[in-house]
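A short worksheet on the structure shown next.
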Amino acid sequence: TAATILIAQYFGAQNRGKIAEVCTVSFFFNGVISLVAGLGLILFHQYLFSWMQVPDELMAEASLYLTIVAGGIVFQGLYFSLVASFRGHSWTKATMVVSLVMNIFHIGSNALLIFGFMSIPALGVLGVAVSTNCSKLFGLVVLFYIFRRYLKVKISLAYLRPFPWKTLRQLLSIGIPSGGETLSYQLSQVTVMKMVNLFGLIVINTKVYVYILATFCYIYSIALSSAVQIIVGYLIGAGKTDQVGKKVADTAWLSVVICSGLTLLFYFGSDYVLRLFTEDPAVLALGHAILLIEIFLEAGRGVNIVMVCALQAAGDIRVPVFVGIVCMWVFAVGLAYFFGVVLDLGLVGIWLGMACDECIRALIFIARWRSGAWKNRRFIDVE
């Protein structure tokens with residue numbers, strides 16, 4: 001996120017030398033952070049699983065899977081650094097094509113290693129983990145080749161001598177708060193999953209199935225937010241602040257329409273869509289009820305994803321992070337526990353709590369954007 005914003009702002013300011021420096025620092029530093037994160041998961045995932053109350057019958061395979069996949073996080077970290085460089089230059093089609101090829105490779109290798117073929121044995125969960133790492137490495141190699149061949153940006157150790165501490169501080173000033181918010185969200189979701197695990201396999205499975213459907217809804221918000229982040233960064237770098245407001249507002253409304261509209265379709269067709277996963281009538285009934293709440297949750301999330309990225313790109317970092325962290329734990333976790341566990345509404349109550357969180361944050365971010373407090377907060381010096 002930090003690299004995308006800085007590259008977009010320097011691109012708007014027409015400063016090519018700083019772009020190469022940002023790409024280099026981002027690539028190497030992200031590699032180090034990814035190695036540390038992977039090692040941490042390998043060493044401590046058992047404690048995390050125990051705290052989450054993962055059922056005993058799932059523990060062995062979950063541990064095997066995460067141990068192997070954690071070793072491949074470094075591939076994903078380096079891949080994301082390259083993706084940021086492409087996005088900052090508005091080369092989004094290249095990353096889309098590579099992602100498509102990588103996922104086709106992932107699906108094919110999954111099928112091959114899970115079920116076996118001829119002399120290749122059926123490896124089950126082990127096969128899924130190996131396939132995941134292989135696909136990440138494959139995507140990294142392909143994207144790095146395209147980066148060196150076509151983007152005309154040089155990643156070189158020469159940019160690290162003397163070490164560009166100012167560039168690293170700029171990256172961290174964006175990355176640490178942004179990453180902190182993302183980490184807080186993931187931890188809040190882990191805590192919510194801990195609550196879900198209290199209600200048994202039917203509820204666990206319903207949560208997983210509905211979350212898959214929700215991903216198909218908010219993935220468009222993520223795409224729109226990436227686009228608006230690049231545009232806002234470029235306009236801020238070019239000193240064209242007056243053009244930013246309308247573009248962000250239009251994108252946020254489009255995000256809400258798409259997210260809520262798709263969720264509405266899933267709600268009315270839930271019996272057909274959920275049957276792709278299961279025939280269990282209890283899961284189908286519970287999933288239908290959850291998808292009704294999901295309509296309102298996605299409306300809030302559609303605003304949040306776009307607004308947070310726009311505020312970050314404009315240089316307004318701390319307020320979105322503070323609001324996000326407070327609301328996630330007070331509303332998403334607190335109300336989910338109150339409705340779901342205390343009032344014994346189960347998964348319906350948990351989803352109500354998460355929907356309240358998304359909608360409240362949406363209203364706060366809209367107010368923040370309309371206040372104009374984000375103006376004149378760019379990260380770079382424009383000559």
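Residue names in the structure tokens use chain letters A, B, ... in the order shown, residue numbers from 1 in each chain, and ligand numbers from 1 in the order shown.
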Quick one: everything within 10 Å of Phe44 of chain A, counting only C-alpha atoms, minus sequence neighbours fewer than 5 positions away in the same chain. Send it as a list in words. Leu39, Phe49 and Thr67 of chain A
Show me, as number ranges by chain, the residues that have an atom within 10 Å of segment 52-59 of chain A when counting only C-alpha atoms, minus same-chain residues fewer than 2 positions from it. A: 46-50, 61-65, 190-198, 200-201
Go ahead and dump the residues you just picked, C-alpha atoms, as a PDB file, in the first residue's frame.
ATOM      1  CA  GLN A  46      -0.152 -24.153  17.517  1.00  0.00           C
ATOM      2  CA  TYR A  47      -0.792 -21.562  20.236  1.00  0.00           C
ATOM      3  CA  LEU A  48      -2.961 -19.560  17.823  1.00  0.00           C
ATOM      4  CA  PHE A  49      -5.024 -22.626  16.869  1.00  0.00           C
ATOM      5  CA  SER A  50      -5.523 -23.561  20.527  1.00  0.00           C
ATOM      6  CA  GLU A  61      -4.236 -31.055   9.002  1.00  0.00           C
ATOM      7  CA  ALA A  62      -4.557 -27.337   9.829  1.00  0.00           C
ATOM      8  CA  SER A  63      -1.083 -27.421  11.409  1.00  0.00           C
ATOM      9  CA  LEU A  64       0.436 -29.256   8.435  1.00  0.00           C
ATOM     10  CA  TYR A  65      -1.115 -26.840   5.950  1.00  0.00           C
ATOM     11  CA  VAL A 190      -9.854 -14.446  14.287  1.00  0.00           C
ATOM     12  CA  THR A 191     -11.675 -13.466  17.490  1.00  0.00           C
ATOM     13  CA  VAL A 192     -15.018 -13.619  15.687  1.00  0.00           C
ATOM     14  CA  MET A 193     -14.087 -17.055  14.332  1.00  0.00           C
ATOM     15  CA  LYS A 194     -13.352 -18.144  17.898  1.00  0.00           C
ATOM     16  CA  MET A 195     -16.971 -17.243  18.741  1.00  0.00           C
ATOM     17  CA  VAL A 196     -18.243 -19.086  15.656  1.00  0.00           C
ATOM     18  CA  ASN A 197     -16.343 -22.195  16.724  1.00  0.00           C
ATOM     19  CA  LEU A 198     -18.444 -22.313  19.902  1.00  0.00           C
ATOM     20  CA  GLY A 200     -20.436 -26.395  16.132  1.00  0.00           C
ATOM     21  CA  LEU A 201     -19.742 -27.567  12.589  1.00  0.00           C
TER      22      LEU A 201
END
Leaving out Ile146 of chain A and any residue of its chain fewer than 4 positions from it, which residues lie within 10 Å of it when counting only C-alpha atoms, given as an MDAnalysis selection string? chainID A and resid 82 86 94:95 98 141:142 150:152
Please measure the separation of atom CA of Val74 of chain A and atom CA of Ser34 of chain A, giving the value in Å to one decimal. 4.7 Å
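When only C-alpha atoms are used to compute distances to Ile73 of chain A, the closest of the residues A:Ala249, A:Ile107, A:Val283, A:Leu137 turns out to be A:Leu137.
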Could you produce a table of the residues of segment 316-366 of chain A lying within 12 Å of segment 207-226 of chain A, with the nearest pair of atoms per residue and their separation in Å rounded to one decimal, using only C-alpha atoms, ordered by chain and increasing residue number, as a tab-separated table?
residue	atom	partner	partner_atom	distance
A:Gly346	CA	A:Lys207	CA	11.0
A:Leu347	CA	A:Lys207	CA	7.6
A:Val348	CA	A:Lys207	CA	10.1
A:Ile350	CA	A:Lys207	CA	10.1
A:Trp351	CA	A:Lys207	CA	9.3
Can you tell me, as a list in words, what residues are no more than 9 Å from Arg368 of chain A when counting only C-alpha atoms, ignoring any on the same chain fewer than 4 positions away?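 Selected residues are Leu311, Val319, Pro320, Leu363, Ile364, Gly372, Ala373 and Trp374 of chain A.
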Shortest contact to Ser178 of chain A, candidates A:Arg148, A:Arg318, A:Arg370, A:His89, atoms counted only C-alpha atoms, goes to A:Arg318
Where does segment 145-169 of chain A meet segment 9-23 of chain A within 10 Å, residue by residue, with the nearest atom pair and distance in Å to one decimal for each, counting only C-alpha atoms, listed by chain and rising number, as CSV?
residue,atom,partner,partner_atom,distance
A:Lys152,CA,A:Ala20,CA,9.3
A:Val153,CA,A:Ala20,CA,5.7
A:Lys154,CA,A:Ala20,CA,5.8
A:Ile155,CA,A:Ala20,CA,6.5
A:Ser156,CA,A:Ala20,CA,8.5
A:Leu157,CA,A:Glu21,CA,9.7
A:Ala158,CA,A:Glu21,CA,9.2
A:Tyr159,CA,A:Glu21,CA,5.8
A:Leu160,CA,A:Glu21,CA,8.1
A:Pro164,CA,A:Glu21,CA,7.9
A:Thr167,CA,A:Val22,CA,6.5
A:Leu168,CA,A:Val22,CA,8.0
List the neighbours of Asn110 of chain A out to 9 Å using only C-alpha atoms; skip same-chain residues closer than 4 positions along the sequence, and give me the result as a VMD selection string. chain A and resid 105 to 106 114 to 115 127 to 132
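Using only C-alpha atoms, the contacts of Asp242 of chain A at a cut-off of 12 Å, with sequence neighbours closer than 4 positions omitted, comprise Val232, Leu235, Ile236, Ala238, Lys246, Lys247, Val248, Gly372, Lys375 and Asn376 of chain A.
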What lies within 8 Å of Thr206 of chain A using only C-alpha atoms, ignoring chain neighbours under 6 positions off, as a PyMOL selection string? chain A and resi 283-284+286-287
I need the chosen residues saved as a compact mmCIF listing (two decimals), in the first residue's frame, with N, CA and C atoms.
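Produced file part_11.txt, reproduced below:
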# COMPACT_ATOMS: atom_id res chain seq x y z
N VAL A 283 -27.93 -25.73 7.08
CA VAL A 283 -26.97 -24.75 6.54
C VAL A 283 -27.65 -23.83 5.54
N LEU A 284 -28.52 -24.39 4.70
CA LEU A 284 -29.22 -23.58 3.70
C LEU A 284 -30.11 -22.52 4.36
N LEU A 286 -29.86 -21.28 7.52
CA LEU A 286 -29.05 -20.30 8.24
C LEU A 286 -28.33 -19.38 7.26
N GLY A 287 -27.82 -19.93 6.17
CA GLY A 287 -27.14 -19.11 5.16
C GLY A 287 -28.05 -18.08 4.55
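When only C-alpha atoms are used to measure the gap to Ala84 of chain A, the shortest distance among A:Ile202, A:Gly180, A:Val69, A:Thr24 belongs to A:Thr24.
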Nearest residue to Leu43 of chain A from the set A:Leu352, A:Met96, A:Ile68, A:Leu113 (distances using only C-alpha atoms): A:Ile68
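The gap separating atom CA of Ala313 of chain A from atom CA of Val244 of chain A is 10.6 Å, in Å to one decimal.
With only C-alpha atoms as the atoms that count, the residue of A:Val341, A:Ile305, A:Val256, A:Leu187 with the shortest distance to Phe199 of chain A is A:Val341.
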